[in-house]
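Next comes entry.cif, a file with mmCIF, C-alpha atoms.
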```cif
data_data
loop_
_atom_site.label_atom_id
_atom_site.label_comp_id
_atom_site.auth_asym_id
_atom_site.auth_seq_id
_atom_site.Cartn_x
_atom_site.Cartn_y
_atom_site.Cartn_z
CA MET C 971 1.76 -26.58 55.42
CA GLU C 972 2.35 -26.23 51.72
CA THR C 973 1.74 -22.92 50.01
CA THR C 974 0.60 -23.00 46.40
CA TYR C 975 0.32 -20.15 44.03
CA ASP C 976 -2.66 -20.26 41.71
CA GLY C 977 -1.77 -17.35 39.41
CA GLY C 978 -5.34 -17.18 38.13
CA GLY C 979 -5.64 -13.42 38.51
CA ILE C 980 -2.61 -12.53 36.44
CA SER C 981 -3.49 -15.16 33.83
CA SER C 982 -6.92 -13.67 33.32
CA ILE C 983 -5.41 -10.19 32.91
CA PHE C 984 -3.02 -11.49 30.24
CA ALA C 985 -5.91 -13.29 28.54
CA ILE C 986 -7.96 -10.08 28.41
CA PHE C 987 -5.01 -8.17 26.92
CA GLY C 988 -4.47 -10.99 24.44
CA ILE C 989 -8.08 -10.92 23.31
CA GLY C 990 -7.98 -7.14 23.08
CA TYR C 991 -4.82 -7.27 21.01
CA PHE C 992 -6.37 -9.90 18.73
CA ILE C 993 -9.50 -7.78 18.19
CA PHE C 994 -7.41 -4.67 17.52
CA MET C 995 -5.20 -6.47 14.99
CA LEU C 996 -8.24 -8.02 13.29
CA ALA C 997 -9.88 -4.59 12.96
CA LEU C 998 -6.64 -3.10 11.61
CA SER C 999 -6.37 -5.92 9.07
CA VAL C 1000 -9.94 -5.46 7.85
CA PHE C 1001 -9.39 -1.68 7.63
CA SER C 1002 -6.16 -2.21 5.63
CA ILE C 1003 -7.90 -4.57 3.21
CA ILE C 1004 -10.65 -2.01 2.58
CA VAL C 1005 -8.13 0.82 2.14
CA TYR C 1006 -5.83 -1.02 -0.26
CA TRP C 1007 -8.83 -2.35 -2.22
CA LYS C 1008 -10.08 1.21 -2.74
CA VAL C 1009 -6.60 2.52 -3.65
CA PHE C 1010 -6.17 -0.23 -6.26
CA GLU C 1011 -9.61 0.48 -7.73
CA LYS C 1012 -8.99 4.22 -7.74
CA ALA C 1013 -5.88 3.53 -9.82
CA GLY C 1014 -7.92 1.46 -12.27
CA GLN C 1015 -6.63 -1.92 -11.10
CA PRO C 1016 -8.67 -4.83 -9.73
CA GLY C 1017 -9.26 -4.57 -5.99
CA TRP C 1018 -9.27 -8.32 -5.49
CA ALA C 1019 -5.57 -8.35 -6.42
CA ILE C 1020 -4.67 -7.51 -2.82
CA PHE C 1021 -5.49 -11.10 -1.83
CA VAL C 1022 -2.94 -12.68 -4.22
CA PRO C 1023 0.53 -12.20 -2.67
CA ILE C 1024 3.00 -11.70 -5.53
CA TYR C 1025 0.39 -10.51 -8.01
CA SER C 1026 -0.65 -7.71 -5.63
CA PHE C 1027 2.94 -6.50 -5.55
CA ILE C 1028 3.08 -6.59 -9.37
CA VAL C 1029 -0.13 -4.56 -9.52
CA TYR C 1030 1.35 -2.12 -6.97
CA LEU C 1031 4.41 -1.76 -9.21
CA ARG C 1032 2.13 -1.16 -12.19
CA ILE C 1033 0.32 1.60 -10.26
CA ILE C 1034 3.54 3.38 -9.34
CA GLY C 1035 5.09 2.92 -12.77
CA LYS C 1036 7.98 0.64 -11.90
CA PRO C 1037 9.00 -2.44 -13.90
CA TRP C 1038 7.77 -5.84 -12.76
CA THR C 1039 11.39 -6.92 -12.28
CA TRP C 1040 11.37 -4.99 -9.00
CA VAL C 1041 9.74 -8.11 -7.58
CA PHE C 1042 13.23 -9.59 -7.50
CA LEU C 1043 14.42 -6.79 -5.19
CA ILE C 1044 12.47 -8.33 -2.34
CA PHE C 1045 13.91 -11.78 -3.08
CA THR C 1046 17.56 -10.77 -3.26
CA PRO C 1047 20.09 -12.03 -0.72
CA ALA C 1048 20.18 -8.54 0.70
CA VAL C 1049 16.43 -8.45 1.31
CA ILE C 1050 16.73 -5.57 3.74
CA VAL C 1051 18.37 -3.34 1.13
CA GLY C 1052 15.88 -4.36 -1.57
CA ALA C 1053 12.89 -3.80 0.69
CA PHE C 1054 14.32 -0.44 1.77
CA ILE C 1055 14.69 0.65 -1.88
CA VAL C 1056 11.13 -0.44 -2.68
CA TRP C 1057 9.80 1.20 0.49
CA ILE C 1058 11.38 4.62 -0.15
CA ASN C 1059 11.05 4.79 -3.92
CA GLY C 1060 7.63 3.13 -3.90
CA SER C 1061 6.18 5.55 -1.36
CA MET C 1062 7.42 8.57 -3.29
CA ALA C 1063 6.18 7.14 -6.60
CA MET C 1064 2.78 6.34 -5.07
CA ALA C 1065 2.45 9.93 -3.87
CA ARG C 1066 3.35 11.22 -7.35
CA SER C 1067 0.93 8.74 -8.93
CA PHE C 1068 -1.90 10.43 -7.08
CA GLY C 1069 -0.62 13.97 -7.70
CA LYS C 1070 0.91 14.53 -4.27
CA ASP C 1071 4.28 15.93 -3.24
CA THR C 1072 7.32 14.62 -1.38
CA MET C 1073 5.89 15.41 2.05
CA PHE C 1074 2.87 13.22 1.31
CA GLY C 1075 5.32 10.51 0.20
CA LEU C 1076 7.05 10.77 3.58
CA GLY C 1077 3.64 10.38 5.19
CA LEU C 1078 3.08 7.23 3.14
CA MET C 1079 6.42 5.93 4.40
CA PHE C 1080 6.01 6.58 8.10
CA LEU C 1081 2.22 6.69 8.66
CA ALA C 1082 1.08 4.35 5.90
CA PRO C 1083 -2.37 3.40 7.30
CA VAL C 1084 -3.35 7.05 7.71
CA PHE C 1085 -2.04 8.35 4.38
CA TYR C 1086 -3.26 5.39 2.31
CA ALA C 1087 -6.68 5.95 3.90
CA ILE C 1088 -6.50 9.58 2.81
CA ILE C 1089 -5.81 8.44 -0.77
CA ALA C 1090 -8.60 5.86 -0.60
CA PHE C 1091 -11.39 7.98 0.87
CA ASP C 1092 -10.63 11.54 -0.28
CA LYS C 1093 -12.78 12.25 -3.35
CA THR C 1094 -10.51 15.10 -4.49
CA ILE C 1095 -7.48 12.84 -4.89
CA GLN C 1096 -7.46 11.22 -8.31
CA TYR C 1097 -5.03 8.84 -9.97
CA VAL C 1098 -2.77 10.86 -12.27
CA GLY C 1099 -0.80 8.04 -13.82
CA PRO C 1100 2.16 5.80 -13.13
CA ASN C 1101 4.75 7.82 -11.20
CA GLY C 1102 2.72 10.97 -11.78
CA ILE C 1103 2.99 10.86 -15.56
CA PRO C 1104 -0.45 11.16 -17.12
CA THR C 1105 -1.29 8.33 -19.46
CA GLU C 1106 -2.75 9.23 -22.80
CA ASP C 1107 -5.72 7.33 -24.03
CA LEU C 1108 -6.30 6.40 -27.65
CA ASP C 1109 -8.73 9.28 -28.24
CA SER C 1110 -6.17 11.91 -27.27
CA GLN C 1111 -3.53 10.24 -29.43
CA ILE C 1112 -5.85 10.15 -32.45
CA GLY C 1113 -6.95 13.72 -31.82
CA SER C 1114 -3.34 14.89 -31.93
CA ILE C 1115 -2.74 13.54 -35.45
CA GLY C 1116 -1.88 16.37 -37.79
CA LYS C 1117 -1.27 18.89 -35.02
CA PRO C 1118 2.23 20.27 -34.58
CA ALA C 1119 4.11 19.21 -31.47
CA LEU C 1120 5.10 22.24 -29.44
#
```
Target format structure tokens, applied to this file:
Amino acid sequence: METTYDGGGISSIFAIFGIGYFIFMLALSVFSIIVYWKVFEKAGQPGWAIFVPIYSFIVYLRIIGKPWTWVFLIFTPAVIVGAFIVWINGSMAMARSFGKDTMFGLGLMFLAPVFYAIIAFDKTIQYVGPNGIPTEDLDSQIGSIGKPAL
């Protein structure tokens, strides 16, 4: 008498977990696309830029006020170090760009989906400028002509 093991029960359990994981990751991806689209638009950049890989990083650098040459930090031989620098400095600069403090920057580092969603959907949070430095428009520059600088 030969005993065979079907394994059908355990396979179906793994299949259910696999489908559940796939659905969860798909929902998280769609949520992230919506959040980053809204953050880019809130900063005055095109939302569709999130779909173009290197261009989206250049737009991100523009939002946080860093030079476009930072793109090379993620392509250096020491990618881990470059990515770490961009991760830390970029999170802090993003927080400052939306008028937030260092603690919010730490939130962006460690709980990115939650804190980027706060930036995206909170109506009271407005884009201040690259790295928190307000940008002057042409009207304010023209209006300051002839006025003494204090």
From the list C:Leu1078, C:Leu998, C:Val1029, C:Val1056, which residue is nearest Phe1042 of chain C when using only C-alpha atoms?
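Nearest candidate to Phe1042 of chain C out of C:Leu1078, C:Leu998, C:Val1029, C:Val1056: C:Val1056.
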Could you expand the PyMOL selection byres ((chain C and resi 1036) around 12) into the explicit residues it covers here, written as an NGL selection string?
:C and (1027-1035 or 1037-1041 or 1043 or 1056 or 1059-1064 or 1067 or 1099-1103)
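For the set C:Ile1044, C:Ala1090, C:Ile989, C:Ile1058, the residue with the smallest atom-to-atom gap to Gly1077 of chain C is C:Ile1058, counting all atoms listed in the file.
Restricting the calculation to only C-alpha atoms, the smallest distance between Ser999 of chain C and any of C:Pro1023, C:Phe1054, C:Pro1083, C:Ile986 is found for C:Pro1083.
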For Val1009 of chain C, which residue out of C:Ala1065, C:Met1073, C:Met995, C:Met1079 is the nearest one, using only C-alpha atoms?
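Smallest distance to Val1009 of chain C is found for C:Ala1065.
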Once the PyMOL selection byres ((chain C and resi 1021) around 12) has been applied to the shown file, what residues remain in the selection, as a ChimeraX atom specification?
/C:1002-1004,1006-1007,1010,1016-1020,1022-1027,1029
How would the residues just chosen look if you wrote them out with C-alpha atoms as a short mmCIF file (atom, residue, chain, number, x, y, z; two decimals), in the frame of the given file?
```
data_model
loop_
_atom_site.label_atom_id
_atom_site.label_comp_id
_atom_site.auth_asym_id
_atom_site.auth_seq_id
_atom_site.Cartn_x
_atom_site.Cartn_y
_atom_site.Cartn_z
CA SER C 1002 -6.16 -2.21 5.63
CA ILE C 1003 -7.90 -4.57 3.21
CA ILE C 1004 -10.65 -2.01 2.58
CA TYR C 1006 -5.83 -1.02 -0.26
CA TRP C 1007 -8.83 -2.35 -2.22
CA PHE C 1010 -6.17 -0.23 -6.26
CA PRO C 1016 -8.67 -4.83 -9.73
CA GLY C 1017 -9.26 -4.57 -5.99
CA TRP C 1018 -9.27 -8.32 -5.49
CA ALA C 1019 -5.57 -8.35 -6.42
CA ILE C 1020 -4.67 -7.51 -2.82
CA VAL C 1022 -2.94 -12.68 -4.22
CA PRO C 1023 0.53 -12.20 -2.67
CA ILE C 1024 3.00 -11.70 -5.53
CA TYR C 1025 0.39 -10.51 -8.01
CA SER C 1026 -0.65 -7.71 -5.63
CA PHE C 1027 2.94 -6.50 -5.55
CA VAL C 1029 -0.13 -4.56 -9.52
#
```
Calculate how many Å separate atom CA of Phe1068 of chain C from atom CA of Val1000 of chain C, rounding to one decimal.
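About the pair atom CA of Phe1068 of chain C and atom CA of Val1000 of chain C: they are 23.2 Å apart.
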What does the structure give for the distance between atom CA of Ile993 of chain C and atom CA of Phe1080 of chain C, in Å to one decimal?
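Computing the Euclidean distance for atom CA of Ile993 of chain C and atom CA of Phe1080 of chain C yields 23.4 Å.
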What does the distance from atom CA of Ala1013 of chain C to atom CA of Gly1052 of chain C come to in Å, to one decimal?
24.6 Å
Name the residues that the PyMOL selection byres ((chain C and resi 1089) around 9) pulls out of this structure, and write them as a PyMOL selection string.
chain C and resi 1005+1008-1009+1012+1065+1068+1084-1088+1090-1096
Atoms to include: C-alpha atoms. Write the selected residues as a short mmCIF file (atom, residue, chain, number, x, y, z; two decimals), keeping the file's coordinate frame.
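The result, stored in again.cif:
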```
data_model
loop_
_atom_site.label_atom_id
_atom_site.label_comp_id
_atom_site.auth_asym_id
_atom_site.auth_seq_id
_atom_site.Cartn_x
_atom_site.Cartn_y
_atom_site.Cartn_z
CA VAL C 1005 -8.13 0.82 2.14
CA LYS C 1008 -10.08 1.21 -2.74
CA VAL C 1009 -6.60 2.52 -3.65
CA LYS C 1012 -8.99 4.22 -7.74
CA ALA C 1065 2.45 9.93 -3.87
CA PHE C 1068 -1.90 10.43 -7.08
CA VAL C 1084 -3.35 7.05 7.71
CA PHE C 1085 -2.04 8.35 4.38
CA TYR C 1086 -3.26 5.39 2.31
CA ALA C 1087 -6.68 5.95 3.90
CA ILE C 1088 -6.50 9.58 2.81
CA ALA C 1090 -8.60 5.86 -0.60
CA PHE C 1091 -11.39 7.98 0.87
CA ASP C 1092 -10.63 11.54 -0.28
CA LYS C 1093 -12.78 12.25 -3.35
CA THR C 1094 -10.51 15.10 -4.49
CA ILE C 1095 -7.48 12.84 -4.89
CA GLN C 1096 -7.46 11.22 -8.31
#
```
Kindly complete segment 997-1009 of chain C to N, CA, C and O atoms; the output should be written as an mmCIF file, in the coordinates of the input.
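Just written: selection_20.cif:
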```cif
data_model
loop_
_atom_site.group_PDB
_atom_site.id
_atom_site.type_symbol
_atom_site.label_atom_id
_atom_site.label_comp_id
_atom_site.auth_asym_id
_atom_site.auth_seq_id
_atom_site.Cartn_x
_atom_site.Cartn_y
_atom_site.Cartn_z
ATOM 1 N N ALA C 997 -9.264 -5.817 13.479
ATOM 2 C CA ALA C 997 -9.880 -4.590 12.960
ATOM 3 C C ALA C 997 -8.921 -3.837 12.057
ATOM 4 O O ALA C 997 -9.314 -3.322 10.998
ATOM 5 N N LEU C 998 -7.643 -3.769 12.442
ATOM 6 C CA LEU C 998 -6.640 -3.100 11.610
ATOM 7 C C LEU C 998 -6.451 -3.827 10.285
ATOM 8 O O LEU C 998 -6.301 -3.193 9.242
ATOM 9 N N SER C 999 -6.502 -5.137 10.301
ATOM 10 C CA SER C 999 -6.370 -5.920 9.070
ATOM 11 C C SER C 999 -7.548 -5.681 8.136
ATOM 12 O O SER C 999 -7.359 -5.488 6.928
ATOM 13 N N VAL C 1000 -8.745 -5.696 8.667
ATOM 14 C CA VAL C 1000 -9.940 -5.460 7.850
ATOM 15 C C VAL C 1000 -9.897 -4.040 7.275
ATOM 16 O O VAL C 1000 -10.190 -3.819 6.090
ATOM 17 N N PHE C 1001 -9.511 -3.066 8.090
ATOM 18 C CA PHE C 1001 -9.390 -1.680 7.630
ATOM 19 C C PHE C 1001 -8.354 -1.579 6.510
ATOM 20 O O PHE C 1001 -8.588 -0.916 5.490
ATOM 21 N N SER C 1002 -7.206 -2.252 6.656
ATOM 22 C CA SER C 1002 -6.160 -2.210 5.630
ATOM 23 C C SER C 1002 -6.634 -2.845 4.330
ATOM 24 O O SER C 1002 -6.327 -2.338 3.246
ATOM 25 N N ILE C 1003 -7.370 -3.930 4.417
ATOM 26 C CA ILE C 1003 -7.900 -4.570 3.210
ATOM 27 C C ILE C 1003 -8.831 -3.624 2.469
ATOM 28 O O ILE C 1003 -8.732 -3.463 1.245
ATOM 29 N N ILE C 1004 -9.719 -2.955 3.202
ATOM 30 C CA ILE C 1004 -10.650 -2.010 2.580
ATOM 31 C C ILE C 1004 -9.891 -0.854 1.937
ATOM 32 O O ILE C 1004 -10.171 -0.459 0.795
ATOM 33 N N VAL C 1005 -8.898 -0.318 2.644
ATOM 34 C CA VAL C 1005 -8.130 0.820 2.140
ATOM 35 C C VAL C 1005 -7.371 0.446 0.878
ATOM 36 O O VAL C 1005 -7.442 1.147 -0.144
ATOM 37 N N TYR C 1006 -6.626 -0.646 0.912
ATOM 38 C CA TYR C 1006 -5.830 -1.020 -0.260
ATOM 39 C C TYR C 1006 -6.733 -1.403 -1.432
ATOM 40 O O TYR C 1006 -6.391 -1.137 -2.588
ATOM 41 N N TRP C 1007 -7.880 -2.017 -1.160
ATOM 42 C CA TRP C 1007 -8.830 -2.350 -2.220
ATOM 43 C C TRP C 1007 -9.262 -1.066 -2.935
ATOM 44 O O TRP C 1007 -9.278 -0.987 -4.158
ATOM 45 N N LYS C 1008 -9.621 -0.042 -2.157
ATOM 46 C CA LYS C 1008 -10.080 1.210 -2.740
ATOM 47 C C LYS C 1008 -8.958 1.936 -3.481
ATOM 48 O O LYS C 1008 -9.210 2.548 -4.519
ATOM 49 N N VAL C 1009 -7.731 1.883 -2.963
ATOM 50 C CA VAL C 1009 -6.600 2.520 -3.650
ATOM 51 C C VAL C 1009 -6.356 1.829 -4.990
ATOM 52 O O VAL C 1009 -6.155 2.491 -6.013
#
```
